[in-house]
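Enquirer: Structure: upload_3.cif, mmCIF, C-alpha atoms.
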data_work
loop_
_atom_site.group_PDB
_atom_site.id
_atom_site.type_symbol
_atom_site.label_atom_id
_atom_site.label_comp_id
_atom_site.auth_asym_id
_atom_site.auth_seq_id
_atom_site.Cartn_x
_atom_site.Cartn_y
_atom_site.Cartn_z
ATOM 1 C CA MET A 1 27.896 -86.248 -66.030
ATOM 2 C CA VAL A 2 24.764 -88.389 -66.394
ATOM 3 C CA SER A 3 21.191 -87.363 -65.771
ATOM 4 C CA LYS A 4 17.989 -88.762 -67.187
ATOM 5 C CA THR A 5 14.735 -87.567 -68.669
ATOM 6 C CA LYS A 6 11.418 -87.745 -66.885
ATOM 7 C CA GLN A 7 10.720 -90.832 -69.027
ATOM 8 C CA GLY A 8 13.962 -92.452 -67.819
ATOM 9 C CA ARG A 9 16.188 -92.055 -70.906
ATOM 10 C CA PRO A 10 19.825 -91.442 -69.872
ATOM 11 C CA ASN A 11 21.543 -88.238 -70.946
ATOM 12 C CA VAL A 12 25.320 -87.763 -70.852
ATOM 13 C CA MET A 13 26.961 -84.321 -70.862
ATOM 14 C CA THR A 14 30.602 -83.316 -70.622
ATOM 15 C CA ILE A 15 30.883 -80.702 -67.887
ATOM 16 C CA GLY A 16 33.393 -77.896 -68.012
ATOM 17 C CA TRP A 17 32.486 -76.175 -64.777
ATOM 18 C CA GLY A 18 32.394 -78.305 -61.673
ATOM 19 C CA PHE A 19 33.310 -77.642 -58.064
ATOM 20 C CA VAL A 20 33.848 -80.088 -55.211
ATOM 21 C CA GLY A 21 33.857 -79.035 -51.594
ATOM 22 C CA ILE A 22 32.191 -78.852 -48.222
ATOM 23 C CA LEU A 23 29.311 -76.442 -47.758
ATOM 24 C CA TRP A 24 26.796 -76.317 -44.926
ATOM 25 C CA GLY A 25 28.677 -79.211 -43.327
ATOM 26 C CA ARG A 26 28.053 -81.532 -46.285
ATOM 27 C CA PRO A 27 30.063 -82.652 -49.336
ATOM 28 C CA TYR A 28 28.911 -81.219 -52.664
ATOM 29 C CA PHE A 29 29.676 -81.518 -56.337
ATOM 30 C CA ILE A 30 28.355 -78.321 -57.898
ATOM 31 C CA VAL A 31 27.737 -78.244 -61.647
ATOM 32 C CA ALA A 32 26.834 -75.325 -63.878
ATOM 33 C CA VAL A 33 24.308 -76.064 -66.631
ATOM 34 C CA ARG A 34 22.911 -73.542 -69.100
ATOM 35 C CA LYS A 35 19.128 -73.266 -69.134
ATOM 36 C CA SER A 36 19.002 -74.059 -72.864
ATOM 37 C CA ARG A 37 20.662 -77.456 -72.399
ATOM 38 C CA HIS A 38 18.763 -80.715 -72.473
ATOM 39 C CA THR A 39 20.621 -81.645 -69.280
ATOM 40 C CA HIS A 40 18.989 -78.709 -67.478
ATOM 41 C CA ARG A 41 15.568 -80.176 -68.208
ATOM 42 C CA CYS A 42 16.727 -83.630 -67.111
ATOM 43 C CA ILE A 43 18.095 -82.457 -63.773
ATOM 44 C CA GLU A 44 14.934 -80.465 -63.147
ATOM 45 C CA ALA A 45 12.897 -83.637 -63.736
ATOM 46 C CA THR A 46 14.842 -85.947 -61.412
ATOM 47 C CA MET A 47 16.820 -83.615 -59.122
ATOM 48 C CA ASP A 48 19.843 -85.899 -59.206
ATOM 49 C CA TYR A 49 22.859 -86.683 -61.370
ATOM 50 C CA THR A 50 26.073 -88.668 -61.384
ATOM 51 C CA VAL A 51 29.524 -87.311 -62.101
ATOM 52 C CA ASN A 52 31.723 -89.944 -63.704
ATOM 53 C CA VAL A 53 35.428 -89.125 -63.848
ATOM 54 C CA PRO A 54 36.797 -90.423 -67.160
ATOM 55 C CA LYS A 55 40.014 -92.359 -67.641
ATOM 56 C CA ARG A 56 42.586 -92.054 -70.391
ATOM 57 C CA GLY A 57 41.222 -93.191 -73.709
ATOM 58 C CA MET A 58 37.780 -91.654 -73.168
ATOM 59 C CA GLU A 59 38.645 -88.374 -74.909
ATOM 60 C CA GLY A 60 36.430 -89.191 -77.899
ATOM 61 C CA ILE A 61 33.457 -89.750 -75.615
ATOM 62 C CA LEU A 62 34.133 -86.439 -73.867
ATOM 63 C CA GLN A 63 34.356 -84.616 -77.200
ATOM 64 C CA TYR A 64 31.144 -86.126 -78.535
ATOM 65 C CA CYS A 65 29.150 -85.640 -75.335
ATOM 66 C CA GLY A 66 30.338 -82.050 -75.093
ATOM 67 C CA THR A 67 29.235 -81.082 -78.595
ATOM 68 C CA VAL A 68 26.133 -83.161 -79.406
ATOM 69 C CA SER A 69 22.778 -82.562 -77.733
ATOM 70 C CA GLY A 70 20.924 -85.369 -75.996
ATOM 71 C CA ARG A 71 17.751 -83.657 -77.151
ATOM 72 C CA ASP A 72 18.532 -84.791 -80.706
ATOM 73 C CA HIS A 73 20.748 -87.846 -80.179
ATOM 74 C CA ASP A 74 20.889 -90.880 -77.940
ATOM 75 C CA LYS A 75 24.540 -90.440 -76.995
ATOM 76 C CA VAL A 76 24.621 -93.653 -74.980
ATOM 77 C CA LYS A 77 23.487 -95.668 -78.006
ATOM 78 C CA ASP A 78 25.608 -93.682 -80.485
ATOM 79 C CA LEU A 79 28.775 -94.398 -78.492
ATOM 80 C CA ALA A 80 27.781 -97.882 -77.268
ATOM 81 C CA MET A 81 28.394 -96.703 -73.704
ATOM 82 C CA ARG A 82 27.754 -99.160 -70.933
ATOM 83 C CA LEU A 83 25.756 -97.764 -68.063
ATOM 84 C CA GLY A 84 25.377 -99.216 -64.610
ATOM 85 C CA LYS A 85 23.016 -98.986 -61.699
ATOM 86 C CA PRO A 86 23.770 -96.269 -59.156
ATOM 87 C CA ARG A 87 23.757 -96.961 -55.423
ATOM 88 C CA LYS A 88 21.682 -94.040 -54.099
ATOM 89 C CA VAL A 89 20.277 -91.908 -56.943
ATOM 90 C CA SER A 90 18.151 -92.571 -60.005
ATOM 91 C CA SER A 91 20.580 -91.379 -62.694
ATOM 92 C CA PRO A 92 22.879 -94.130 -64.015
ATOM 93 C CA ILE A 93 26.666 -94.325 -63.854
ATOM 94 C CA ILE A 94 29.081 -94.831 -66.744
ATOM 95 C CA LEU A 95 30.845 -98.168 -66.487
ATOM 96 C CA GLY A 96 34.562 -97.857 -67.079
ATOM 97 C CA CYS A 97 34.926 -94.573 -65.202
ATOM 98 C CA PRO A 98 37.240 -95.028 -62.227
ATOM 99 C CA ILE A 99 35.585 -92.505 -59.897
ATOM 100 C CA VAL A 100 31.865 -91.860 -59.464
ATOM 101 C CA TYR A 101 30.020 -89.202 -57.491
ATOM 102 C CA GLU A 102 26.286 -89.718 -56.980
ATOM 103 C CA CYS A 103 24.556 -86.429 -56.259
ATOM 104 C CA LYS A 104 21.114 -85.345 -55.099
ATOM 105 C CA VAL A 105 20.239 -81.709 -55.743
ATOM 106 C CA PHE A 106 20.064 -79.985 -52.389
ATOM 107 C CA TYR A 107 19.926 -76.420 -53.694
ATOM 108 C CA LYS A 108 20.015 -74.628 -57.028
ATOM 109 C CA MET A 109 20.817 -71.074 -57.956
ATOM 110 C CA ALA A 110 20.287 -69.330 -61.280
ATOM 111 C CA ILE A 111 22.783 -66.659 -62.227
ATOM 112 C CA ASP A 112 21.301 -63.222 -61.679
ATOM 113 C CA PRO A 113 22.408 -61.065 -64.631
ATOM 114 C CA ARG A 114 21.538 -57.885 -62.714
ATOM 115 C CA ILE A 115 24.529 -58.392 -60.425
ATOM 116 C CA LEU A 116 26.899 -60.047 -62.885
ATOM 117 C CA PRO A 117 29.666 -57.786 -64.248
ATOM 118 C CA LYS A 118 28.878 -56.563 -67.761
ATOM 119 C CA LYS A 119 32.232 -57.835 -68.986
ATOM 120 C CA ILE A 120 31.271 -61.405 -68.010
ATOM 121 C CA ILE A 121 27.888 -61.047 -69.716
ATOM 122 C CA SER A 122 29.485 -59.801 -72.940
ATOM 123 C CA GLU A 123 32.252 -62.454 -72.913
ATOM 124 C CA ILE A 124 30.443 -65.541 -71.588
ATOM 125 C CA TYR A 125 26.735 -64.808 -72.061
ATOM 126 C CA PRO A 126 26.292 -62.745 -75.248
ATOM 127 C CA ASP A 127 23.114 -64.745 -75.977
ATOM 128 C CA ARG A 128 21.990 -64.342 -72.333
ATOM 129 C CA ASP A 129 21.904 -68.130 -71.907
ATOM 130 C CA PHE A 130 22.788 -68.116 -68.223
ATOM 131 C CA HIS A 131 23.806 -71.077 -66.082
ATOM 132 C CA THR A 132 22.004 -72.627 -63.169
ATOM 133 C CA PHE A 133 24.291 -73.934 -60.447
ATOM 134 C CA TYR A 134 23.121 -77.251 -59.053
ATOM 135 C CA PHE A 135 24.443 -78.016 -55.588
ATOM 136 C CA GLY A 136 24.481 -81.800 -55.659
ATOM 137 C CA GLU A 137 24.998 -83.296 -52.237
ATOM 138 C CA ILE A 138 27.386 -86.208 -52.700
ATOM 139 C CA VAL A 139 25.407 -89.133 -51.305
ATOM 140 C CA ALA A 140 27.814 -91.777 -52.613
ATOM 141 C CA CYS A 141 31.378 -91.579 -53.914
ATOM 142 C CA TYR A 142 33.424 -94.578 -54.893
ATOM 143 C CA ARG A 143 36.291 -95.858 -56.946
ATOM 144 C CA ARG A 144 35.586 -98.510 -59.541
ATOM 145 C CA ARG A 145 38.307 -100.864 -60.707
ATOM 146 C CA GLY A 146 38.505 -102.761 -63.940
ATOM 147 C CA LYS A 147 36.343 -102.483 -67.029
ATOM 148 C CA SER A 148 32.932 -102.895 -65.428
#
Hey, can you dump this file as structure tokens for me?
Expert:
Amino acid sequence: MVSKTKQGRPNVMTIGWGFVGILWGRPYFIVAVRKSRHTHRCIEATMDYTVNVPKRGMEGILQYCGTVSGRDHDKVKDLAMRLGKPRKVSSPIILGCPIVYECKVFYKMAIDPRILPKKIISEIYPDRDFHTFYFGEIVACYRRRGKS
């Protein structure tokens, strides 16, 4: 997933929780981002993101982007990733990914710990670092062929 800072610096994050479907008569890609993450701040600044489905051979990129914070590192530069211009949002796309979803945040919902089962809080949120669900309306979705 790619978002960007208010200043325009790209931020890449590996997402573990994502949902695709139709809601309110529109297509959505919903992502869950913890409030402590740099990505949370980026999405809040721009209210859009791209979801870039990786191909085989990108496992190292996924590992790095899932464990290193964009707050402290320029992951794009560190990994020499090539980014491209999106069609309908401000956040860039990752060149080389075969499928791209461009999403504009239509709605967001923070997890309410008061109604979350205690077992989930103790297992998933022991530090009380709850997720925000971003309902990204898919405004463009396309398949990219080749290396670019």
Enquirer: Once the PyMOL selection byres ((chain A and resi 71-73) around 10) has been applied to the shown file, what residues remain in the selection, as a ChimeraX atom specification?
Expert: /A:5,11,37-39,41,65,68-70,74-78
Enquirer: Starting from the displayed file, determine the output of the PyMOL selection byres ((chain A and resi 63) around 12) and express the residue list as a PDB file with C-alpha atoms, in the coordinates of the input.
Expert:
ATOM      1  CA  VAL A  12      25.320 -87.763 -70.852  1.00  0.00           C
ATOM      2  CA  MET A  13      26.961 -84.321 -70.862  1.00  0.00           C
ATOM      3  CA  THR A  14      30.602 -83.316 -70.622  1.00  0.00           C
ATOM      4  CA  ILE A  15      30.883 -80.702 -67.887  1.00  0.00           C
ATOM      5  CA  GLY A  16      33.393 -77.896 -68.012  1.00  0.00           C
ATOM      6  CA  PRO A  54      36.797 -90.423 -67.160  1.00  0.00           C
ATOM      7  CA  GLY A  57      41.222 -93.191 -73.709  1.00  0.00           C
ATOM      8  CA  MET A  58      37.780 -91.654 -73.168  1.00  0.00           C
ATOM      9  CA  GLU A  59      38.645 -88.374 -74.909  1.00  0.00           C
ATOM     10  CA  GLY A  60      36.430 -89.191 -77.899  1.00  0.00           C
ATOM     11  CA  ILE A  61      33.457 -89.750 -75.615  1.00  0.00           C
ATOM     12  CA  LEU A  62      34.133 -86.439 -73.867  1.00  0.00           C
ATOM     13  CA  TYR A  64      31.144 -86.126 -78.535  1.00  0.00           C
ATOM     14  CA  CYS A  65      29.150 -85.640 -75.335  1.00  0.00           C
ATOM     15  CA  GLY A  66      30.338 -82.050 -75.093  1.00  0.00           C
ATOM     16  CA  THR A  67      29.235 -81.082 -78.595  1.00  0.00           C
ATOM     17  CA  VAL A  68      26.133 -83.161 -79.406  1.00  0.00           C
ATOM     18  CA  SER A  69      22.778 -82.562 -77.733  1.00  0.00           C
ATOM     19  CA  LYS A  75      24.540 -90.440 -76.995  1.00  0.00           C
ATOM     20  CA  LEU A  79      28.775 -94.398 -78.492  1.00  0.00           C
TER      21      LEU A  79
END
Enquirer: Which residues match the PyMOL selection byres ((chain A and resi 86) around 12) in the file above, as a list of chain:residue names?
Expert: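 Evaluating the PyMOL selection byres ((chain A and resi 86) around 12) on this file yields A:Val2, A:Ser3, A:Asp48, A:Tyr49, A:Thr50, A:Val51, A:Asn52, A:Leu83, A:Gly84, A:Lys85, A:Arg87, A:Lys88, A:Val89, A:Ser90, A:Ser91, A:Pro92, A:Ile93, A:Ile94, A:Leu95, A:Val100, A:Tyr101, A:Glu102, A:Cys103, A:Lys104, A:Val139, A:Ala140, A:Cys141, A:Tyr142.
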Enquirer: Please report the interatomic distance between atom CA of A:Asp127 and atom CA of A:Gly18 in Å with one decimal.
Expert: 21.8 Å
Enquirer: Write out as lines of an AutoDock Vina configuration file an axis-aligned box for stretch 89-94 of chain A: all of its atoms listed in the file, 4 Å added on each side, centre and edge lengths in Å with one decimal.
Expert:
center_x = 23.6
center_y = -93.1
center_z = -61.8
size_x = 18.9
size_y = 11.5
size_z = 17.8
Enquirer: Have a look at atom CA of A:Ala32 and atom CA of A:Val105 and let me know their distance in Å, one decimal.
Expert: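 According to the coordinates, atom CA of A:Ala32 and atom CA of A:Val105 are separated by 12.3 Å.
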Enquirer: Hey, can you check how far atom CA of A:Gly136 sits from atom CA of A:Val31?
Expert: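 Atom CA of A:Val31 lies at a distance of 7.7 Å from atom CA of A:Gly136.
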Enquirer: What's the 12 Å shell around A:Trp24, counting all atoms listed in the file, without same-chain residues fewer than 5 positions away, as an NGL selection string?
Expert: :A and (106-107 or 135 or 137)
Enquirer: Could the residues in this selection be saved with C-alpha atoms as a PDB file, in the coordinates of the input?
Expert:
ATOM      1  CA  PHE A 106      20.064 -79.985 -52.389  1.00  0.00           C
ATOM      2  CA  TYR A 107      19.926 -76.420 -53.694  1.00  0.00           C
ATOM      3  CA  PHE A 135      24.443 -78.016 -55.588  1.00  0.00           C
ATOM      4  CA  GLU A 137      24.998 -83.296 -52.237  1.00  0.00           C
TER       5      GLU A 137
END
